[in-house]
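For reference, run00.tsv is printed below; it contains TSV, C-alpha atoms and all ligand atoms.
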```
chain	number	residue	atom	x	y	z
W	1	MET	CA	-256.42	-2.52	5.56
W	2	THR	CA	-256.81	0.82	3.88
W	3	ASP	CA	-257.58	-0.62	0.43
W	4	HIS	CA	-261.26	-0.64	1.33
W	5	PRO	CA	-263.17	2.24	2.92
W	6	PRO	CA	-263.97	1.74	6.61
W	7	ALA	CA	-266.96	-0.48	7.25
W	8	LEU	CA	-267.81	1.51	10.36
W	9	ARG	CA	-267.02	4.77	12.09
W	10	ILE	CA	-266.85	4.22	15.84
W	11	LEU	CA	-266.30	6.88	18.49
W	12	SER	CA	-264.27	6.08	21.59
W	13	LEU	CA	-266.54	7.90	24.01
W	14	GLY	CA	-264.87	8.74	27.31
W	15	ALA	CA	-267.73	11.16	28.09
W	16	GLY	CA	-265.37	14.04	28.81
W	17	VAL	CA	-265.23	17.36	26.96
W	18	GLN	CA	-263.50	16.25	23.77
W	19	SER	CA	-265.33	13.01	23.00
W	20	THR	CA	-268.65	14.66	23.88
W	21	THR	CA	-267.79	17.35	21.33
W	22	LEU	CA	-267.08	14.71	18.68
W	23	LEU	CA	-270.40	12.98	19.30
W	24	MET	CA	-272.26	16.26	18.99
W	25	LEU	CA	-270.38	17.33	15.87
W	26	ALA	CA	-271.29	14.01	14.24
W	27	ALA	CA	-274.89	14.36	15.40
W	28	ASP	CA	-275.24	17.90	14.02
W	29	GLY	CA	-273.73	16.97	10.65
W	30	THR	CA	-270.46	18.94	10.97
W	31	LEU	CA	-268.63	15.63	10.89
W	32	PRO	CA	-269.62	12.48	8.98
W	33	ALA	CA	-272.20	10.19	10.54
W	34	LEU	CA	-271.07	7.80	13.27
W	35	ASP	CA	-272.18	4.17	13.35
W	36	ALA	CA	-271.55	3.68	17.05
W	37	ALA	CA	-269.98	5.13	20.17
W	38	VAL	CA	-268.31	2.92	22.79
W	39	PHE	CA	-267.99	3.88	26.44
W	40	ALA	CA	-265.62	1.69	28.47
W	41	ASP	CA	-266.96	1.65	32.00
W	42	THR	CA	-264.45	0.99	34.78
W	43	GLY	CA	-267.36	1.06	37.23
W	44	TRP	CA	-265.69	3.85	39.19
W	45	GLU	CA	-266.56	7.09	37.43
W	46	PRO	CA	-268.14	9.89	39.48
W	47	ALA	CA	-271.94	9.97	39.41
W	48	ALA	CA	-271.81	13.16	37.30
W	49	VAL	CA	-270.09	11.28	34.44
W	50	TYR	CA	-272.79	8.58	34.35
W	51	GLU	CA	-275.50	11.26	34.50
W	52	HIS	CA	-273.81	13.11	31.65
W	53	LEU	CA	-273.62	9.91	29.63
W	54	ASP	CA	-277.32	9.19	30.18
W	55	ARG	CA	-278.24	12.71	29.09
W	56	LEU	CA	-275.96	12.52	26.07
W	57	GLU	CA	-277.56	9.27	25.01
W	58	ALA	CA	-281.11	10.56	25.45
W	59	GLU	CA	-280.66	14.02	23.97
W	60	VAL	CA	-277.94	13.59	21.33
W	61	ALA	CA	-277.02	10.03	20.41
W	62	ARG	CA	-280.43	8.38	20.23
W	63	PRO	CA	-282.10	11.18	18.22
W	64	ALA	CA	-279.15	11.05	15.79
W	65	GLY	CA	-279.38	7.24	15.51
W	66	ILE	CA	-275.97	6.64	17.09
W	67	PRO	CA	-276.04	3.65	19.46
W	68	ILE	CA	-273.88	3.93	22.58
W	69	TYR	CA	-272.36	0.64	23.71
W	70	ARG	CA	-271.32	0.52	27.37
W	71	VAL	CA	-268.66	-2.14	27.71
W	72	SER	CA	-266.85	-3.34	30.81
W	73	SER	CA	-264.08	-5.62	32.05
W	74	GLY	CA	-265.33	-5.44	35.63
W	75	ARG	CA	-265.36	-2.98	38.51
W	76	ILE	CA	-261.82	-1.78	38.94
W	77	GLN	CA	-262.22	-0.70	42.57
W	78	ASP	CA	-263.39	-4.19	43.58
W	79	ASP	CA	-260.99	-6.12	41.37
W	80	VAL	CA	-257.80	-4.49	42.68
W	81	LEU	CA	-258.76	-5.39	46.27
W	82	ASP	CA	-259.61	-8.99	45.37
W	83	PRO	CA	-256.78	-11.38	46.34
W	84	ASP	CA	-257.96	-13.82	43.66
W	85	LYS	CA	-257.43	-11.27	40.91
W	86	GLN	CA	-254.10	-9.86	39.94
W	87	ARG	CA	-255.13	-6.33	39.10
W	88	SER	CA	-253.66	-3.07	40.31
W	89	LEU	CA	-253.87	0.69	40.08
W	90	PRO	CA	-250.81	2.76	39.20
W	91	ALA	CA	-250.47	3.66	42.88
W	92	HIS	CA	-247.61	5.61	44.43
W	93	THR	CA	-245.60	3.28	46.64
W	94	ARG	CA	-243.20	3.53	49.54
W	95	ASP	CA	-241.15	0.79	51.10
W	96	PRO	CA	-241.51	1.32	54.86
W	97	GLU	CA	-238.14	-0.35	55.53
W	98	THR	CA	-235.94	1.41	52.97
W	99	GLY	CA	-238.07	4.52	52.38
W	100	GLU	CA	-237.74	3.88	48.66
W	101	ASP	CA	-240.52	5.38	46.53
W	102	GLY	CA	-241.98	3.97	43.35
W	103	MET	CA	-245.11	3.54	41.33
W	104	LEU	CA	-247.00	0.44	40.29
W	105	ASN	CA	-247.35	-0.47	36.64
W	106	ARG	CA	-250.22	1.01	34.81
W	107	ARG	CA	-252.14	-1.75	33.10
W	108	CYS	CA	-255.62	-0.60	34.09
W	109	THR	CA	-256.22	1.52	31.01
W	110	GLN	CA	-255.55	-1.42	28.75
W	111	THR	CA	-257.54	-3.90	30.84
W	112	TYR	CA	-260.54	-1.73	31.60
W	113	LYS	CA	-260.66	0.50	28.52
W	114	LEU	CA	-258.68	-0.49	25.44
W	115	THR	CA	-259.35	-4.23	25.54
W	116	PRO	CA	-263.16	-3.99	25.92
W	117	ILE	CA	-263.35	-1.19	23.30
W	118	LEU	CA	-261.46	-3.27	20.73
W	119	ARG	CA	-263.50	-6.36	21.58
W	120	GLN	CA	-266.70	-4.39	20.91
W	121	ALA	CA	-265.23	-3.07	17.65
W	122	ARG	CA	-264.54	-6.64	16.49
W	123	LEU	CA	-268.09	-7.68	17.34
W	124	LEU	CA	-269.55	-4.72	15.48
W	125	LEU	CA	-267.39	-5.60	12.48
W	126	GLY	CA	-268.82	-9.10	12.36
W	127	ALA	CA	-266.39	-11.18	14.43
W	128	GLN	CA	-267.82	-14.36	15.89
W	129	THR	CA	-267.64	-15.46	19.50
W	130	SER	CA	-266.24	-18.98	19.80
W	131	ASP	CA	-268.22	-21.74	21.48
W	132	PRO	CA	-267.32	-21.93	25.18
W	133	THR	CA	-264.52	-24.36	25.94
W	134	PRO	CA	-263.44	-25.58	29.40
W	135	CYS	CA	-261.11	-23.08	31.07
W	136	ARG	CA	-257.63	-24.62	31.20
W	137	TYR	CA	-256.60	-22.40	34.10
W	138	CYS	CA	-259.04	-24.09	36.48
W	139	ASP	CA	-259.67	-27.32	34.51
W	140	GLY	CA	-263.23	-26.23	33.97
W	141	SER	CA	-264.08	-26.16	37.67
W	142	GLY	CA	-264.33	-22.37	38.06
W	143	THR	CA	-262.14	-22.59	41.17
W	144	ARG	CA	-258.38	-22.65	41.60
W	145	VAL	CA	-255.49	-21.62	43.82
W	146	ALA	CA	-254.28	-18.45	42.14
W	147	PRO	CA	-250.60	-18.81	41.10
W	148	TRP	CA	-249.61	-15.63	42.96
W	149	ARG	CA	-251.17	-17.07	46.13
W	150	ALA	CA	-249.35	-20.38	45.65
W	151	LYS	CA	-246.04	-18.48	45.31
W	152	ARG	CA	-246.59	-17.18	48.83
W	153	ASP	CA	-247.37	-20.67	50.09
W	154	ASP	CA	-251.02	-19.72	50.41
W	155	HIS	CA	-253.07	-22.58	48.98
W	156	THR	CA	-256.52	-21.13	49.61
W	157	PRO	CA	-258.73	-21.85	46.60
W	158	GLY	CA	-260.85	-19.06	45.16
W	159	PRO	CA	-262.84	-18.18	42.05
W	160	CYS	CA	-260.82	-18.50	38.84
W	161	SER	CA	-260.14	-14.97	37.61
W	162	VAL	CA	-259.50	-16.03	34.02
W	163	CYS	CA	-262.96	-17.45	33.33
W	164	GLY	CA	-264.74	-15.39	35.98
W	165	ALA	CA	-265.55	-18.61	37.91
W	166	THR	CA	-267.69	-19.91	35.04
W	167	GLY	CA	-265.34	-22.78	34.17
W	168	THR	CA	-265.57	-21.91	30.48
W	169	LEU	CA	-263.92	-19.49	28.09
W	170	ALA	CA	-265.28	-18.01	24.88
W	171	ARG	CA	-263.23	-15.67	22.75
W	172	VAL	CA	-264.21	-13.02	20.28
W	173	GLY	CA	-262.37	-13.78	17.07
W	174	GLN	CA	-261.20	-11.51	14.29
W	175	PRO	CA	-263.52	-9.71	11.86
W	176	PRO	CA	-263.57	-10.85	8.22
W	177	ALA	CA	-260.42	-9.99	6.28
W	178	GLY	CA	-260.31	-6.46	4.90
W	179	VAL	CA	-263.12	-5.21	7.14
W	180	TRP	CA	-262.05	-2.39	9.40
W	181	ALA	CA	-263.34	0.48	11.49
W	182	GLU	CA	-262.33	4.08	11.74
W	183	GLN	CA	-261.83	4.68	15.45
W	184	TRP	CA	-262.48	8.29	16.38
W	185	ILE	CA	-260.37	9.57	19.23
W	186	GLY	CA	-260.97	12.92	20.92
W	187	PHE	CA	-257.48	14.36	21.14
W	188	SER	CA	-257.57	18.15	20.74
W	189	THR	CA	-254.79	20.37	19.42
W	190	ASP	CA	-253.35	20.85	22.93
W	191	GLU	CA	-252.89	17.07	23.16
W	192	ILE	CA	-251.10	16.54	19.89
W	193	GLY	CA	-248.15	14.97	21.69
W	194	ARG	CA	-250.37	12.10	22.78
W	195	VAL	CA	-251.29	11.06	19.26
W	196	SER	CA	-249.92	7.75	18.11
W	197	ASP	CA	-251.04	4.78	16.10
W	198	ARG	CA	-250.19	2.33	18.87
W	199	GLY	CA	-253.82	1.33	19.36
W	200	ASP	CA	-254.20	0.53	15.65
W	201	THR	CA	-254.83	-3.04	14.63
W	202	ARG	CA	-255.65	-4.89	11.43
W	203	TYR	CA	-259.31	-4.00	11.93
W	204	SER	CA	-259.16	-0.63	13.69
W	205	ARG	CA	-257.48	2.58	12.60
W	206	SER	CA	-257.30	5.80	14.60
W	207	ARG	CA	-258.71	9.06	13.32
W	208	HIS	CA	-258.48	12.39	15.16
W	209	PRO	CA	-261.28	14.66	13.87
W	210	LEU	CA	-260.64	17.45	16.42
W	211	LEU	CA	-257.14	17.83	14.99
W	212	GLU	CA	-258.59	17.95	11.48
W	213	LEU	CA	-260.90	20.75	12.68
W	214	ASN	CA	-257.99	22.41	14.51
W	215	MET	CA	-259.99	22.46	17.76
W	216	SER	CA	-258.41	22.95	21.16
W	217	ARG	CA	-259.93	21.86	24.45
W	218	THR	CA	-260.97	25.47	25.09
W	219	GLN	CA	-262.76	25.59	21.75
W	220	CYS	CA	-264.50	22.28	22.57
W	221	ASP	CA	-265.60	23.81	25.87
W	222	ALA	CA	-266.93	26.87	24.08
W	223	TYR	CA	-268.78	24.73	21.53
W	224	LEU	CA	-270.41	22.67	24.29
W	225	LYS	CA	-271.44	25.78	26.20
W	226	HIS	CA	-272.89	27.24	23.01
W	227	ARG	CA	-274.95	24.04	22.68
W	228	GLY	CA	-276.16	24.36	26.29
W	229	TRP	CA	-273.82	21.80	27.91
W	230	THR	CA	-272.22	23.94	30.57
W	231	SER	CA	-270.52	21.55	32.95
W	232	VAL	CA	-268.97	18.46	31.41
W	233	GLU	CA	-266.84	16.66	34.03
W	234	LYS	CA	-263.47	15.16	33.32
W	235	SER	CA	-263.91	11.42	33.09
W	236	ALA	CA	-261.57	9.31	35.25
W	237	CYS	CA	-261.80	6.75	38.02
W	238	ILE	CA	-262.69	8.31	41.39
W	239	GLY	CA	-259.49	7.00	42.96
W	240	CYS	CA	-257.12	7.46	40.03
W	241	PRO	CA	-253.60	8.02	41.42
W	242	PHE	CA	-252.93	10.40	38.52
W	243	HIS	CA	-255.27	13.02	39.99
W	244	GLY	CA	-253.51	16.23	40.98
W	245	ASN	CA	-254.27	18.32	44.04
W	246	ALA	CA	-256.62	20.53	42.06
W	247	GLU	CA	-258.82	17.52	41.27
W	248	TRP	CA	-258.57	16.09	44.80
W	249	ARG	CA	-259.67	19.46	46.23
W	250	ARG	CA	-262.52	19.73	43.76
W	251	MET	CA	-263.69	16.25	44.72
W	252	ARG	CA	-263.42	16.91	48.47
W	253	ASP	CA	-265.28	20.23	48.22
W	254	ALA	CA	-267.81	19.58	45.46
W	255	ASP	CA	-268.37	15.82	45.46
W	256	PRO	CA	-268.10	14.57	49.08
W	257	GLU	CA	-269.55	11.20	48.17
W	258	SER	CA	-266.71	10.46	45.74
W	259	TRP	CA	-264.17	11.89	48.20
W	260	ALA	CA	-265.37	9.57	50.99
W	261	ASP	CA	-265.19	6.66	48.55
W	262	ALA	CA	-261.60	7.57	47.56
W	263	VAL	CA	-260.47	8.05	51.18
W	264	ALA	CA	-261.92	4.68	52.22
W	265	PHE	CA	-260.43	2.96	49.19
W	266	ASP	CA	-257.01	4.54	49.82
W	267	LYS	CA	-256.98	3.02	53.32
W	268	ALA	CA	-258.12	-0.38	52.12
W	269	TYR	CA	-255.52	-0.41	49.34
W	270	ARG	CA	-252.57	0.50	51.56
W	271	THR	CA	-251.27	-3.00	51.86
W	272	GLY	CA	-252.04	-6.46	50.58
W	273	PRO	CA	-250.96	-10.08	50.94
W	274	GLY	CA	-247.26	-10.52	50.22
W	275	LEU	CA	-246.63	-6.81	49.65
W	276	ARG	CA	-243.65	-5.12	51.23
W	277	HIS	CA	-244.34	-1.63	50.04
W	278	GLU	CA	-247.36	0.46	50.95
W	279	ARG	CA	-249.68	1.87	48.30
W	280	PHE	CA	-251.08	5.40	48.21
W	281	LEU	CA	-253.44	7.28	45.92
W	282	HIS	CA	-251.74	10.61	46.62
W	283	ILE	CA	-248.29	11.40	45.27
W	284	SER	CA	-247.09	12.57	48.72
W	285	ARG	CA	-247.48	8.97	49.89
W	286	LYS	CA	-249.61	10.07	52.78
W	287	PRO	CA	-253.13	8.80	53.53
W	288	LEU	CA	-255.47	10.72	51.24
W	289	ASP	CA	-257.36	12.43	54.07
W	290	GLN	CA	-254.03	13.68	55.48
W	291	ALA	CA	-252.32	14.50	52.20
W	292	PRO	CA	-251.34	18.14	51.66
W	293	ILE	CA	-253.78	18.82	48.87
W	294	ASP	CA	-254.36	22.44	49.88
W	295	ARG	CA	-250.75	23.50	49.87
W	296	VAL	CA	-250.21	24.65	46.37
W	297	ARG	CA	-247.43	27.25	46.53
W	298	PRO	CA	-244.01	25.77	45.77
W	299	SER	CA	-242.40	27.85	48.54
W	300	GLU	CA	-244.62	26.09	51.06
W	301	TRP	CA	-243.98	22.69	49.61
W	302	GLN	CA	-240.26	23.22	49.63
W	303	GLN	CA	-240.25	23.93	53.37
W	304	ASP	CA	-241.75	20.54	54.00
W	305	THR	CA	-238.96	18.07	54.61
W	306	VAL	CA	-241.22	15.21	53.55
W	307	PHE	CA	-240.55	16.15	49.97
W	308	ASP	CA	-237.17	16.08	48.36
W	309	ALA	CA	-235.80	18.43	45.74
W	310	ALA	CA	-236.94	16.19	42.92
W	311	TYR	CA	-240.58	16.52	43.94
W	312	ASP	CA	-242.56	17.79	40.99
W	313	HIS	CA	-244.83	20.52	42.35
W	314	GLU	CA	-246.58	21.15	39.06
W	315	LEU	CA	-247.39	17.47	38.62
W	316	ALA	CA	-248.65	17.30	42.21
W	317	GLU	CA	-250.99	20.22	41.60
W	318	GLN	CA	-252.28	19.43	38.12
W	319	GLY	CA	-251.88	15.69	37.83
W	320	ASP	CA	-252.23	14.74	34.21
W	321	PRO	CA	-254.46	17.38	32.64
W	322	ASP	CA	-255.45	15.20	29.72
W	323	GLY	CA	-257.51	12.56	31.45
W	324	CYS	CA	-257.25	8.83	31.05
W	325	SER	CA	-257.28	7.84	27.42
W	326	PRO	CA	-257.07	4.25	26.22
W	327	TRP	CA	-255.18	5.63	23.21
W	328	ALA	CA	-252.32	7.24	25.13
W	329	CYS	CA	-250.74	6.70	28.48
W	330	ARG	CA	-250.96	9.25	31.27
W	331	SER	CA	-247.70	8.14	32.81
W	332	GLY	CA	-245.68	8.61	29.64
W	333	GLN	CA	-245.43	4.93	28.80
W	334	PRO	CA	-247.40	3.94	25.75
W	335	VAL	CA	-250.05	1.31	26.23
W	336	THR	CA	-250.22	-1.35	23.58
W	337	ALA	CA	-253.25	-2.88	21.99
W	338	ASP	CA	-253.93	-6.47	22.86
W	339	ASP	CA	-256.09	-7.25	19.92
W	340	THR	CA	-256.22	-10.94	20.62
W	341	ALA	CA	-257.64	-10.59	24.12
W	342	ALA	CA	-261.18	-11.78	24.42
Q	1	LIG	S1	-258.56	6.72	35.28
Q	1	LIG	FE1	-256.64	6.12	36.31
Q	1	LIG	S2	-257.17	4.31	37.53
Q	1	LIG	FE2	-258.82	4.58	36.01
Q	1	LIG	S3	-258.22	3.31	34.27
Q	1	LIG	FE3	-257.41	5.39	33.88
Q	1	LIG	S4	-255.30	5.37	34.70
Q	1	LIG	FE4	-256.39	3.58	35.56
Q	2	ZN	ZN	-261.13	-20.75	34.97
```
Written as structure tokens, that's how I'd like the structure from this file.
Amino acid sequence: MTDHPPALRILSLGAGVQSTTLLMLAADGTLPALDAAVFADTGWEPAAVYEHLDRLEAEVARPAGIPIYRVSSGRIQDDVLDPDKQRSLPAHTRDPETGEDGMLNRRCTQTYKLTPILRQARLLLGAQTSDPTPCRYCDGSGTRVAPWRAKRDDHTPGPCSVCGATGTLARVGQPPAGVWAEQWIGFSTDEIGRVSDRGDTRYSRSRHPLLELNMSRTQCDAYLKHRGWTSVEKSACIGCPFHGNAEWRRMRDADPESWADAVAFDKAYRTGPGLRHERFLHISRKPLDQAPIDRVRPSEWQQDTVFDAAYDHELAEQGDPDGCSPWACRSGQPVTADDTAA
């Protein structure tokens, strides 16, 4: 793969502080020119992130000749509530009978971010999309009884989630041999522990230009402010269960629309067909509008018998400070690239 120079330089644009910095450094010539930036849209970012992205495109990317591709695998907040789709958020869980706590698997980053980003990279590198063939999961009808429904003896037919009810499947193949892209990822020096080559494939290889420039998140912030971009929001789904209390409070106080959305979603997501445990967005496993997001001093938390000694106060307050990256996992488990997924 590395015998040839990269055919393309592509930025993984999350639209937070670090990837915005990379786009601007490429646009102002500090870094080499970018051929494209790819934003994976879960459909559930706060309005401020979409506004920021629009402004970035109009004022930075377009004038510099860098196309921004907005790619999507669907609207996460709708998909995880759809009984005909088997999607989930990494919610905090509690079994009401045993009181046992847990957390759901985190596959959303791969499904909604990594997979569509890599698919777009293959297309940009010249991969072909196959002719549509009948979907074998629904025999081309677009409708089926989902296997997880059938397991519960529920034989209600619904739209086939594999082909999106179209009855056909078309896959994006592999780019020509030896053709590969340099994939720019916005990890800063304070995130060095998140760096890995797990997202690398035959046609895509990670590069971390902020590390090469020895830039921390604080320095990225300063650079953006210097360029007149004073308030770049952290990019993450409105209802991400990895938010800490600081973020929940900010949302409640500064973005009531998103807060109302998260509270309503939290209620709707509590239970589902065939589920024994209950699902919560907040780590306390209380409904979001009743969760103790204002109580930040450990001494106060410790007096609350709801929480046991193992409760991680720092995690509850800060959540994961690094944001949701398709190139590293917020929950500590690496995500893997599915480079064959269409
Ligand atoms: S922000 Fe949270 S919910 Fe959204 S894709 Fe990332 S981990 Fe999943
Ligand atoms: Zn189908």
Open item on the list: Using all atoms listed in the file, can you tell me which of W:Ala262, W:Ala33, W:Leu213, W:Ile293 comes closest to Gly244 of chain W?
Closed with: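 Closest to Gly244 of chain W, using all atoms listed in the file: W:Ile293.
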Wanna dump the chain W-ligand ZN 2 (chain Q) contacts at 12 Å for me, each residue with its shortest atom pair and the distance in Å to one decimal, counting only C-alpha atoms and all ligand atoms, ordered by chain and number, as JSON lines?
```
{"residue": "W:Asp84", "atom": "CA", "partner": "Q:ZN2", "partner_atom": "ZN", "distance": 11.6}
{"residue": "W:Lys85", "atom": "CA", "partner": "Q:ZN2", "partner_atom": "ZN", "distance": 11.8}
{"residue": "W:Pro132", "atom": "CA", "partner": "Q:ZN2", "partner_atom": "ZN", "distance": 11.6}
{"residue": "W:Thr133", "atom": "CA", "partner": "Q:ZN2", "partner_atom": "ZN", "distance": 10.3}
{"residue": "W:Pro134", "atom": "CA", "partner": "Q:ZN2", "partner_atom": "ZN", "distance": 7.7}
{"residue": "W:Cys135", "atom": "CA", "partner": "Q:ZN2", "partner_atom": "ZN", "distance": 4.5}
{"residue": "W:Arg136", "atom": "CA", "partner": "Q:ZN2", "partner_atom": "ZN", "distance": 6.4}
{"residue": "W:Tyr137", "atom": "CA", "partner": "Q:ZN2", "partner_atom": "ZN", "distance": 4.9}
{"residue": "W:Cys138", "atom": "CA", "partner": "Q:ZN2", "partner_atom": "ZN", "distance": 4.2}
{"residue": "W:Asp139", "atom": "CA", "partner": "Q:ZN2", "partner_atom": "ZN", "distance": 6.7}
{"residue": "W:Gly140", "atom": "CA", "partner": "Q:ZN2", "partner_atom": "ZN", "distance": 6.0}
{"residue": "W:Ser141", "atom": "CA", "partner": "Q:ZN2", "partner_atom": "ZN", "distance": 6.7}
{"residue": "W:Gly142", "atom": "CA", "partner": "Q:ZN2", "partner_atom": "ZN", "distance": 4.7}
{"residue": "W:Thr143", "atom": "CA", "partner": "Q:ZN2", "partner_atom": "ZN", "distance": 6.5}
{"residue": "W:Arg144", "atom": "CA", "partner": "Q:ZN2", "partner_atom": "ZN", "distance": 7.4}
{"residue": "W:Val145", "atom": "CA", "partner": "Q:ZN2", "partner_atom": "ZN", "distance": 10.5}
{"residue": "W:Ala146", "atom": "CA", "partner": "Q:ZN2", "partner_atom": "ZN", "distance": 10.2}
{"residue": "W:Pro157", "atom": "CA", "partner": "Q:ZN2", "partner_atom": "ZN", "distance": 11.9}
{"residue": "W:Gly158", "atom": "CA", "partner": "Q:ZN2", "partner_atom": "ZN", "distance": 10.3}
{"residue": "W:Pro159", "atom": "CA", "partner": "Q:ZN2", "partner_atom": "ZN", "distance": 7.7}
{"residue": "W:Cys160", "atom": "CA", "partner": "Q:ZN2", "partner_atom": "ZN", "distance": 4.5}
{"residue": "W:Ser161", "atom": "CA", "partner": "Q:ZN2", "partner_atom": "ZN", "distance": 6.4}
{"residue": "W:Val162", "atom": "CA", "partner": "Q:ZN2", "partner_atom": "ZN", "distance": 5.1}
{"residue": "W:Cys163", "atom": "CA", "partner": "Q:ZN2", "partner_atom": "ZN", "distance": 4.1}
{"residue": "W:Gly164", "atom": "CA", "partner": "Q:ZN2", "partner_atom": "ZN", "distance": 6.5}
{"residue": "W:Ala165", "atom": "CA", "partner": "Q:ZN2", "partner_atom": "ZN", "distance": 5.7}
{"residue": "W:Thr166", "atom": "CA", "partner": "Q:ZN2", "partner_atom": "ZN", "distance": 6.6}
{"residue": "W:Gly167", "atom": "CA", "partner": "Q:ZN2", "partner_atom": "ZN", "distance": 4.7}
{"residue": "W:Thr168", "atom": "CA", "partner": "Q:ZN2", "partner_atom": "ZN", "distance": 6.4}
{"residue": "W:Leu169", "atom": "CA", "partner": "Q:ZN2", "partner_atom": "ZN", "distance": 7.5}
{"residue": "W:Ala170", "atom": "CA", "partner": "Q:ZN2", "partner_atom": "ZN", "distance": 11.2}
```
Residues from the last selection, C-alpha atoms, saved as a short mmCIF file (atom, residue, chain, number, x, y, z; two decimals), in the coordinates of the input:
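Resulting contents of part.cif:
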```cif
data_model
loop_
_atom_site.label_atom_id
_atom_site.label_comp_id
_atom_site.auth_asym_id
_atom_site.auth_seq_id
_atom_site.Cartn_x
_atom_site.Cartn_y
_atom_site.Cartn_z
CA ASP W 84 -257.96 -13.82 43.66
CA LYS W 85 -257.43 -11.27 40.91
CA PRO W 132 -267.32 -21.93 25.18
CA THR W 133 -264.52 -24.36 25.94
CA PRO W 134 -263.44 -25.58 29.40
CA CYS W 135 -261.11 -23.08 31.07
CA ARG W 136 -257.63 -24.62 31.20
CA TYR W 137 -256.60 -22.40 34.10
CA CYS W 138 -259.04 -24.09 36.48
CA ASP W 139 -259.67 -27.32 34.51
CA GLY W 140 -263.23 -26.23 33.97
CA SER W 141 -264.08 -26.16 37.67
CA GLY W 142 -264.33 -22.37 38.06
CA THR W 143 -262.14 -22.59 41.17
CA ARG W 144 -258.38 -22.65 41.60
CA VAL W 145 -255.49 -21.62 43.82
CA ALA W 146 -254.28 -18.45 42.14
CA PRO W 157 -258.73 -21.85 46.60
CA GLY W 158 -260.85 -19.06 45.16
CA PRO W 159 -262.84 -18.18 42.05
CA CYS W 160 -260.82 -18.50 38.84
CA SER W 161 -260.14 -14.97 37.61
CA VAL W 162 -259.50 -16.03 34.02
CA CYS W 163 -262.96 -17.45 33.33
CA GLY W 164 -264.74 -15.39 35.98
CA ALA W 165 -265.55 -18.61 37.91
CA THR W 166 -267.69 -19.91 35.04
CA GLY W 167 -265.34 -22.78 34.17
CA THR W 168 -265.57 -21.91 30.48
CA LEU W 169 -263.92 -19.49 28.09
CA ALA W 170 -265.28 -18.01 24.88
#
```
Open item on the list: Just to confirm, what's the straight-line distance from atom CA of Tyr50 of chain W to atom CA of Arg207 of chain W in Å (one decimal)?
Closed with: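 Value for the atom CA of Tyr50 of chain W-atom CA of Arg207 of chain W distance: 25.3 Å.
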Task: Test item: residues no farther than 10 Å from ligand LIG 1 (chain Q), counting only C-alpha atoms and all ligand atoms, as number ranges by chain - done: W: 40-45, 76-77, 88-91, 105-114, 234-243, 281, 320, 323-326, 329-331
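Closest to Asp294 of chain W among W:Asp95, W:Ala328, W:Phe265, W:Arg249 is W:Arg249, based on all atoms listed in the file.
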